[in-house]
Structure formats: C-alpha cells, structure tokens
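J.: This is the structure I have questions about; it appears just below.
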Amino acid sequence: MTGCLVLILGDQLTPSLSSLTAARKASDRILMAEVAAEATYVRHHKKKIAFVFSAMRHFAEELRGDGWTVDYVRYDDPDNTGSLGDEVARFARRHDAARVVVTEPGEWRLLREMEAWSEGLGRPVEILPDTRFLASREDFAAWAEGRKQLRMEYFYRDMRRRTGLLMDGDQPAGGKWNYDAENRKPASSDLFMPQPLETAPDRVTRGVLNLVAQDFGDHFGDLEPFWFAVTREQAEAAFDRFVGEALPRFGDFQDAMLRGEKFLYHSVVSLYINAGLLDPLAVCRKVEQAYRDGDVPLNAAEGFIRQIIGWREYVRGIYWLKMPGYAESNFFGADRPLPDFYWSGKTEMTCLAAAIGQTKEEAYAHHIQRLMITGNFAMLAGVDPHEVHEWYLAVYADAYEWVEMPNTLGMSQFADGGLLGSKPYAAGGNYISRMSDYCEECRFDVKRKTGKDACPFNYLYWDFLARNREKLDGNPRLGPVYRTWDRMAEDKQAAYRESAASFLAELSS
Ligand code: FAD
Ligand code: DLZ
Ligand code: SF4
C-alpha cells in the first residue's frame, strides 16, 4: 500500500477532523480500535465506556457509508493487542502503510506515546493539530504571553470578538459582556422540569452494553438504563430539545441544585461535544439564533455561550500551556486519601450523597455539583488533588484530561495556587443551603456551626482557611474572610478547629 493509515480516536468522531480532511478515500485506510489501555488507564464509569465504544462503532459505519475503507478493531477481537500503539503497528505493517496520520489527542500522555511511535514503526507518524477548537494551542500561548494573570473573562471577550457571537458591531449584545450576576437563583421543585432527550439503545449499542457488562462489570457506575445519544443526528436532536425546553431558564438556575432533579436546566451535551459528535461553534450559533429570535433571554444565551467559547476553550489552553508540570500541582500539599464514599455514595451528608449518587447512576453531575459539593468538600478536607483528579477523570462521561484536569486541579482544588481562579471556591453549608434543597433532608444541621450535629462544611470551611493561612493570607479577595476569623473569640475558633479535627480523624479511619 502506498497510502496512509489514519488513526481516529474515540473522542475524534467528527467528519471534518484534520486527519480525515488530509486523507484520500482512494488510497488511505482508517483505523479505529477499542483497546484496553484507553478503557482502563483510569477505571472509567461503565456508561462512559459504553458511550465511547458505541459512538465509535456508529462513526465507523458512517465513514464506511461515506466511502472510506475502515479497519475497526473490537474490544473482544482475539487479535486485539490492547494498546493504540500496537494496533497502529499491526495495521501499518499489514497494509505496508507509507505513513501514519493522526489528529493530536486530547491528553498529554497519549501525545508523548504517539511522538515515540515512528521509531518503532520505521515510518513517519504525522500528528496534525486538532482544529475543532476556536483557539489553537499557539493562539492561546500568544494570548497568554506576557500577561501577569490569565483571567478567563478577557480571553472570553477576545473569543466573542473573534466569532462575532452576541456582538452588535464591536459592542457586546445588551451592553454587557457577562450576565453571570443574574444567573444565581435557587430553583424550587414545583417548576416545570424539562428532561434531556433519551435515545433508546439500538442493536449496536445493545451489543456494546453486553460487552461492557461482561468485561467492565467491576468498574464504577450503573450501566443501565443507557440513554445517551451515540450518533451526530441523535446528539443534535438532544441539543434541539435543550434549546427548546431548558435553555430559556438555563441562565437563571445555572447554579441551583435540587434533590431528585439531576439535570435541572443544563444541556447535558458536554459528552457529545467532547467526543466530536457536536460542533462547539455550531451549538453556540444555534443558541445565539434562539436569542435573536426572541425565544431565550440574553442572560441564558450569554451564560451558555460563555461556557463553551470561554471556559471550554480557556481550560484547554491552560492544559496545553502548562503540561506536563500542571499534573503535579498541589499548592496546599494536601495528602488525605479520597474518602471511600466517593465510590459508594454512602454518606450521611445529603448533598454529597445526591451528587455522588447521580454520578454513579448517570456518569453526570452538573457544574455546581462538581465544583461546590464534591470539589469543595475534597478541598476543605485536604484530599490529595491527584486522587481527586483521577476520580473526576473516571466518573464523568465527558471527562478527558484536557478539560477535566484544569477544572479539577485549578478551578475546584486551587492546587495550581491561583493560575486559573483568583481565589479558592471554598464555601460552608450556608451556600449549599441557599442554592439547593439538600439541607432540608440532612441528618446534619446547616445552621449549627460546631459539634457532632453541625453541618461539616461549616467547620471544615474555617479549618481549611486557618490551616492554609500562610498560603492564602496575601490573597486580596480573602482579606475580609480572614478579618472575620480574626474577630472571632478564641474559644469559638478552637471549637471550629476541634470539630474539624474529630470529623477528619473519623474520615481517615
Ligand atoms: P452545561 O451546564 O449545560 O454547559 C454547557 C456546556 O458548556 C457544557 O456542555 C460544556 O461543554 C461547557 N462547559 C461548561 N462549563 C465548563 C467548564 N468549566 N469547562 C469546560 N467546559 C465547560 N467538563 C467537561 O466537559 N469534562 C470534564 O471532565 C469536566 N470536569 C470537571 C471537573 C470539575 C471539578 C468541575 C468543577 C467541572 C468540570 N467540567 C468538565 C465542567 C462542567 O462541569 C461540565 O462541562 C458540565 O457540567 C457538563 O454538563 P452540561 O453539558 O449539562 O453543561
Ligand atoms: C475514553 C476512551 C475509551 C474508554 N476507549 C477508547 C478506545 O478504546 N479507543 C480509542 O481510540 N479511544 C478511547 N477513548 C478515548 C481516548 O482515551 C482519548 O482519545 C484520549 O484520552 C485522548 O483524549
Ligand atoms: Fe450538605 Fe451540610 Fe446541607 Fe447536610 S447540612 S446537605 S452536609 S450542606
């Protein structure tokens, strides 16, 4: 064969992918492989593996229908070597491919592996940029160059100008760049609650579900009911349902949490965008159109678009700018093992039980649950940020390191010392009580500050601040908080710290 072998990864399911656009149907072959190395480098949630494998199988069929020659290696193929590098070697040799072409992966570990492939293969491996992002790695590095602080807000404004999204001439629609202040309303359970579109598993997905049940039965999470979209058309239908039913209230209730309502007004599309089934710019254009048509308010449209062209692009930029060192970040030197209840959901703290419980069921929790419940607790309790990172990478269907790691180590654990956020997202029970109904059915009392029945978030919050004072004292945004602590009577301070010490001792045992 004189052509190329084009490797397509499980999160590269996009017809306009750079490796596909560079390839020729007549002479090149596509390789896709379900491999143990990718399915187990962390113990991914069962639903995540099922989603990736089923979406891969459907995409391979789409490519074949479009005239491509595709070699597809199933997980249970007896000849499957179990790693992408070995599968590439097997097929490159079998077809005597002139070279291997691949779009860069979303994880640093895999990029390093790929860079070493060519030597063993004895043929060139061409790694192309991933053009599915608005800002290339170089664009982000140029933006970051010379800046003292890398604040998302300024990056986001550049992305608005560049895309023209929600711009009226050179001014932001409505006169403001950011409507976040309007997006912090608590929800109440009697509101009409939209649900994400559920896709019934077809024959291909059923086959994958059987495989995952058999080979990944000991991984975290419930496999069924499985309702994720696994093709572009299905994902688009799910997104259209969101725009029609949930988007109008997305902004208002973006930070709210309710018992029994796993999705509220969120889109539940991150897994589709990250796997390549939905195009990030196209979904933003649809949302802008809904605003221009008068179907959704500006705070909803802006809030949604900011998450995608702002946060999503920004965290990817940070990841590639700071890796590999970023993975080692541990600003507070935290070393507590991740509590077992992160895997079982068995805890008397209702907020954590709810967030972890739905994570187990759906491989999904929305942003504030990830940030202010599971993330906040781990940081306050001093859990090793690398254990926290591995947990997030494993349990969510949308998790790939480029997006998960900066969100976890940077935004939620402040392990990068403030590169990504200007202060730690630390909060006591009062915040959770204001934004949710969790505390109404909790064995702990959110109003109590110390003692056995007090909400653990209350004393852990002060203990965290006191324990890490040396590291945080210079942070201007924490000045008022430390002044409050300093004004507290000594016995009250001691009570906070004692309650925290006995809670943490019990947690460790
Ligand atoms: P919506 O609330 O409907 O938001 C719309 C879209 O905006 C999302 O689909 C997503 O594409 C994008 N988005 C929103 N917030 C972020 C963000 N902070 N970073 C990047 N994109 C964002 N997101 C992932 O895609 N993968 C992860 O592995 C991941 N890990 C996270 C870990 C932690 C500790 C935290 C705090 C956040 C993490 N996020 C991650 C960001 C965010 O929580 C999810 O993108 C969001 O909850 C997905 O649900 P949704 O599709 O309903 O989003
Ligand atoms: C997440 C995942 C899983 C579970 N399995 C595979 C697989 O078998 N084959 C594959 O090509 N990709 C898989 N993926 C996605 C990769 O892990 C992902 O491409 C890298 O982590 C880079 O983002
Ligand atoms: Fe969570 Fe505290 Fe509220 Fe219980 S009282 S749900 S532990 S915030």
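As shown in the structure tokens, the chain order sets the letters A, B, ...; within each chain, residues go from 1, and ligands are also counted from 1 in the order they appear.
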Could you list the protein, DNA and RNA residues that have any atom within 9 Å of ligand 3, counting only C-alpha atoms and all ligand atoms, and write them as a PyMOL selection string?

T.: chain A and resi 348-354+373+428-433+436-448+454-458

J.: For ligand 1, collect every residue having any atom at a distance of at most 7 Å from a ligand atom (counting only C-alpha atoms and all ligand atoms); output as an MDAnalysis selection string.

T.: chainID A and resid 254 263 266:271 273:274 304 307:308 311:312 315 365:368 370:371 375 392:393 396 398:401 403:404 407:408 411:412

J.: Using 12 Å as the limit and counting only C-alpha atoms, can you tabulate each residue of range 428-474 of chain A that touches range 322-340 of chain A, with its shortest atom-to-atom distance in Å and the two atoms involved, as a Markdown table?

T.:
| residue | atom | partner | partner_atom | distance |
| --- | --- | --- | --- | --- |
| A:Phe464 | CA | A:Phe332 | CA | 9.9 |
| A:Leu465 | CA | A:Phe332 | CA | 11.0 |
| A:Arg467 | CA | A:Phe332 | CA | 9.4 |
| A:Asn468 | CA | A:Phe332 | CA | 7.0 |
| A:Arg469 | CA | A:Phe332 | CA | 10.2 |
| A:Glu470 | CA | A:Phe332 | CA | 9.9 |
| A:Lys471 | CA | A:Phe332 | CA | 7.4 |
| A:Leu472 | CA | A:Phe332 | CA | 9.6 |

J.: Next, write the just-selected residues to a file, as a PDB file, in the first residue's frame, keeping C-alpha atoms as the atom set.

T.:
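Contents of the output file part-v2.pdb:
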ATOM      1  CA  PHE A 464      -9.331  24.983  55.828  1.00  0.00           C
ATOM      2  CA  LEU A 465      -8.798  28.744  55.947  1.00  0.00           C
ATOM      3  CA  ARG A 467      -4.846  25.649  58.269  1.00  0.00           C
ATOM      4  CA  ASN A 468      -3.749  27.254  54.999  1.00  0.00           C
ATOM      5  CA  ARG A 469      -3.417  30.813  56.206  1.00  0.00           C
ATOM      6  CA  GLU A 470       0.228  31.135  55.323  1.00  0.00           C
ATOM      7  CA  LYS A 471      -0.551  30.231  51.732  1.00  0.00           C
ATOM      8  CA  LEU A 472      -3.670  32.359  51.382  1.00  0.00           C
TER       9      LEU A 472
END

J.: For chain A versus ligand 2, which residues have an atom no more than 8 Å away, and what is each residue's nearest atom pair and distance in Å rounded to one decimal, using only C-alpha atoms and all ligand atoms, chain-then-number order, as a Markdown table?

T.:
| residue | atom | partner | partner_atom_place_in_ligand_line | distance |
| --- | --- | --- | --- | --- |
| A:Ile8 | CA | ligand 2 | 11 (O) | 6.4 |
| A:Leu9 | CA | ligand 2 | 11 (O) | 3.5 |
| A:Gly10 | CA | ligand 2 | 12 (N) | 3.6 |
| A:Asp11 | CA | ligand 2 | 19 (O) | 4.9 |
| A:Gln12 | CA | ligand 2 | 19 (O) | 6.9 |
| A:Met32 | CA | ligand 2 | 11 (O) | 6.2 |
| A:Ala33 | CA | ligand 2 | 9 (N) | 5.1 |
| A:Glu34 | CA | ligand 2 | 8 (O) | 3.2 |
| A:Val35 | CA | ligand 2 | 8 (O) | 4.0 |
| A:Ala36 | CA | ligand 2 | 8 (O) | 6.4 |
| A:Ala37 | CA | ligand 2 | 8 (O) | 7.3 |
| A:Glu38 | CA | ligand 2 | 5 (N) | 4.5 |
| A:Ala39 | CA | ligand 2 | 4 (C) | 3.8 |
| A:Thr40 | CA | ligand 2 | 4 (C) | 7.1 |
| A:His44 | CA | ligand 2 | 4 (C) | 6.7 |
| A:Lys48 | CA | ligand 2 | 4 (C) | 6.6 |
| A:Ile49 | CA | ligand 2 | 4 (C) | 4.5 |
| A:Ala50 | CA | ligand 2 | 4 (C) | 7.9 |
| A:Val52 | CA | ligand 2 | 3 (C) | 5.9 |
| A:Phe53 | CA | ligand 2 | 5 (N) | 6.6 |
| A:Tyr75 | CA | ligand 2 | 8 (O) | 7.3 |
| A:Leu84 | CA | ligand 2 | 11 (O) | 6.9 |
| A:Pro105 | CA | ligand 2 | 22 (C) | 4.4 |
| A:Gly106 | CA | ligand 2 | 23 (O) | 3.5 |
| A:Glu107 | CA | ligand 2 | 22 (C) | 4.6 |
| A:Trp108 | CA | ligand 2 | 22 (C) | 7.9 |
| A:Leu110 | CA | ligand 2 | 22 (C) | 6.4 |
| A:Ala399 | CA | ligand 2 | 1 (C) | 7.9 |
| A:Tyr400 | CA | ligand 2 | 23 (O) | 5.4 |
| A:Glu401 | CA | ligand 2 | 23 (O) | 6.8 |
| A:Trp402 | CA | ligand 2 | 23 (O) | 7.3 |

J.: If we count only C-alpha atoms and set the cut-off at 10 Å, which residues sit around Leu504 in chain A, ignoring sequence neighbours fewer than 5 positions away in its own chain? Please answer as a compact mmCIF listing (two decimals) with N, CA, C and O atoms, in the first residue's frame.

T.:
# COMPACT_ATOMS: atom_id res chain seq x y z
N ARG A 336 -4.61 13.74 52.05
CA ARG A 336 -5.59 12.79 52.58
C ARG A 336 -6.10 11.90 51.43
O ARG A 336 -6.37 12.39 50.33
N ALA A 381 -11.48 19.25 53.02
CA ALA A 381 -10.99 18.13 53.83
C ALA A 381 -9.51 17.84 53.59
O ALA A 381 -8.94 16.96 54.23
N GLY A 382 -8.89 18.52 52.64
CA GLY A 382 -7.46 18.32 52.39
C GLY A 382 -7.15 17.02 51.67
O GLY A 382 -6.15 16.36 51.95
N PRO A 456 -20.89 19.58 58.49
CA PRO A 456 -19.42 19.51 58.40
C PRO A 456 -18.80 20.59 57.52
O PRO A 456 -17.68 21.02 57.77
N LEU A 460 -15.42 22.71 58.53
CA LEU A 460 -14.30 22.41 57.62
C LEU A 460 -13.87 23.66 56.87
O LEU A 460 -12.69 23.85 56.56
N GLU A 498 -11.56 22.09 66.55
CA GLU A 498 -11.73 20.77 67.20
C GLU A 498 -12.78 19.94 66.47
O GLU A 498 -12.60 18.74 66.26
N SER A 499 -13.89 20.58 66.09
CA SER A 499 -14.92 19.83 65.35
C SER A 499 -14.33 19.27 64.06
O SER A 499 -14.59 18.12 63.69
N SER A 509 -10.32 7.19 59.48
CA SER A 509 -10.40 5.82 59.99
C SER A 509 -11.42 5.05 59.17
O SER A 509 -11.55 3.88 59.25

J.: Using DSSP assignments from the backbone, pull out every residue in range 92-177 of chain A that falls under helix (DSSP H, G or I) and give it to me as a short mmCIF file (atom, residue, chain, number, x, y, z; two decimals) with C-alpha atoms, in the first residue's frame.

T.:
data_model
loop_
_atom_site.label_atom_id
_atom_site.label_comp_id
_atom_site.auth_asym_id
_atom_site.auth_seq_id
_atom_site.Cartn_x
_atom_site.Cartn_y
_atom_site.Cartn_z
CA ALA A 92 0.64 -0.26 9.41
CA ARG A 93 2.64 -3.43 8.78
CA ARG A 94 -0.30 -5.41 7.47
CA TRP A 108 -0.59 14.70 27.11
CA ARG A 109 0.26 11.07 27.99
CA LEU A 110 -1.04 9.85 24.63
CA LEU A 111 0.68 12.63 22.69
CA ARG A 112 4.01 11.61 24.24
CA GLU A 113 3.34 7.98 23.26
CA MET A 114 2.47 8.94 19.69
CA GLU A 115 5.60 11.01 19.34
CA ALA A 116 7.59 7.86 20.03
CA TRP A 117 5.69 5.60 17.60
CA SER A 118 7.58 6.45 14.46
CA GLU A 119 10.86 4.98 15.66
CA GLY A 120 9.43 1.52 16.33
CA LEU A 121 7.28 1.61 13.19
CA ARG A 137 -2.66 25.91 21.18
CA GLU A 138 -0.48 28.56 19.56
CA ASP A 139 -3.28 31.17 19.70
CA PHE A 140 -3.67 30.57 23.41
CA ALA A 141 0.05 30.69 24.07
CA ALA A 142 0.23 34.01 22.18
CA TRP A 143 -2.70 35.38 24.22
CA ALA A 144 -1.05 34.26 27.49
CA MET A 152 -10.88 33.71 31.58
CA GLU A 153 -13.00 36.85 31.24
CA TYR A 154 -10.51 38.65 28.97
CA PHE A 155 -9.87 35.55 26.89
CA TYR A 156 -13.64 35.14 26.53
CA ARG A 157 -14.10 38.70 25.25
CA ASP A 158 -11.49 38.02 22.58
CA MET A 159 -13.40 34.90 21.56
CA ARG A 160 -16.64 36.89 21.34
CA ARG A 161 -14.96 39.43 19.09
CA ARG A 162 -13.35 36.73 17.01
CA THR A 163 -16.56 34.73 16.44
CA ALA A 173 -25.22 42.45 22.88
CA GLY A 174 -27.16 44.22 25.60
CA GLY A 175 -24.16 46.36 26.52
#

J.: Could you give me, as JSON, numbers by chain, the residues within 12 Å of Gly357 in chain A, counting only C-alpha atoms and dropping anything in the same chain fewer than 2 positions from it?

T.: {"A": [220, 221, 222, 259, 260, 261, 262, 341, 342, 343, 344, 345, 346, 347, 349, 350, 351, 352, 353, 354, 355, 359, 360, 361, 362, 363, 364, 365, 369, 374, 395]}

J.: Select, from A:Pro78, A:Pro194, A:Pro15, A:Pro225, the residue with the minimum atom-to-atom distance to Leu63 in chain A, counting only C-alpha atoms.

T.: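 Closest to Leu63 in chain A, using only C-alpha atoms: A:Pro15.
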
J.: Do a neighbour search on Trp485 in chain A at 12 Å with only C-alpha atoms, toss out local chain neighbours closer than 3 positions, and write the hits as a list of chain:residue names.

T.: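 So the residues in contact are A:Tyr459, A:Tyr461, A:Trp462, A:Asp463, A:Phe464, A:Leu465, A:Ala466, A:Arg469, A:Asp473, A:Leu478, A:Gly479, A:Pro480, A:Val481, A:Tyr482, A:Met488, A:Ala489, A:Glu490, A:Asp491, A:Lys492, A:Gln493, A:Ala494, A:Tyr496, A:Arg497.
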
J.: Report, in Å to a single decimal, how far apart CA of Val296 in chain A and CA of Gly244 in chain A are.

T.: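 Straight-line distance from CA of Gly244 in chain A to CA of Val296 in chain A works out to 8.9 Å.
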
J.: For a test of reading the model, state the distance in Å between CA of Glu126 in chain A and CA of Leu17 in chain A, rounded to one decimal.

T.: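 Distance reported for this atom pair: 14.1 Å.
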
J.: Compare A:Asn475, A:Leu209, A:Arg316, A:Glu224 by their minimum atom-to-atom distance to Gly418 in chain A, counting only C-alpha atoms, and give me the closest one.

T.: A:Asn475

J.: Quick one: of A:Glu506, A:Glu302, A:Asp279, A:Asp77, who's nearest to Lys176 in chain A, counting only C-alpha atoms?

T.: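 Looking only at the distances to Lys176 in chain A, the closest residue turns out to be A:Glu302.
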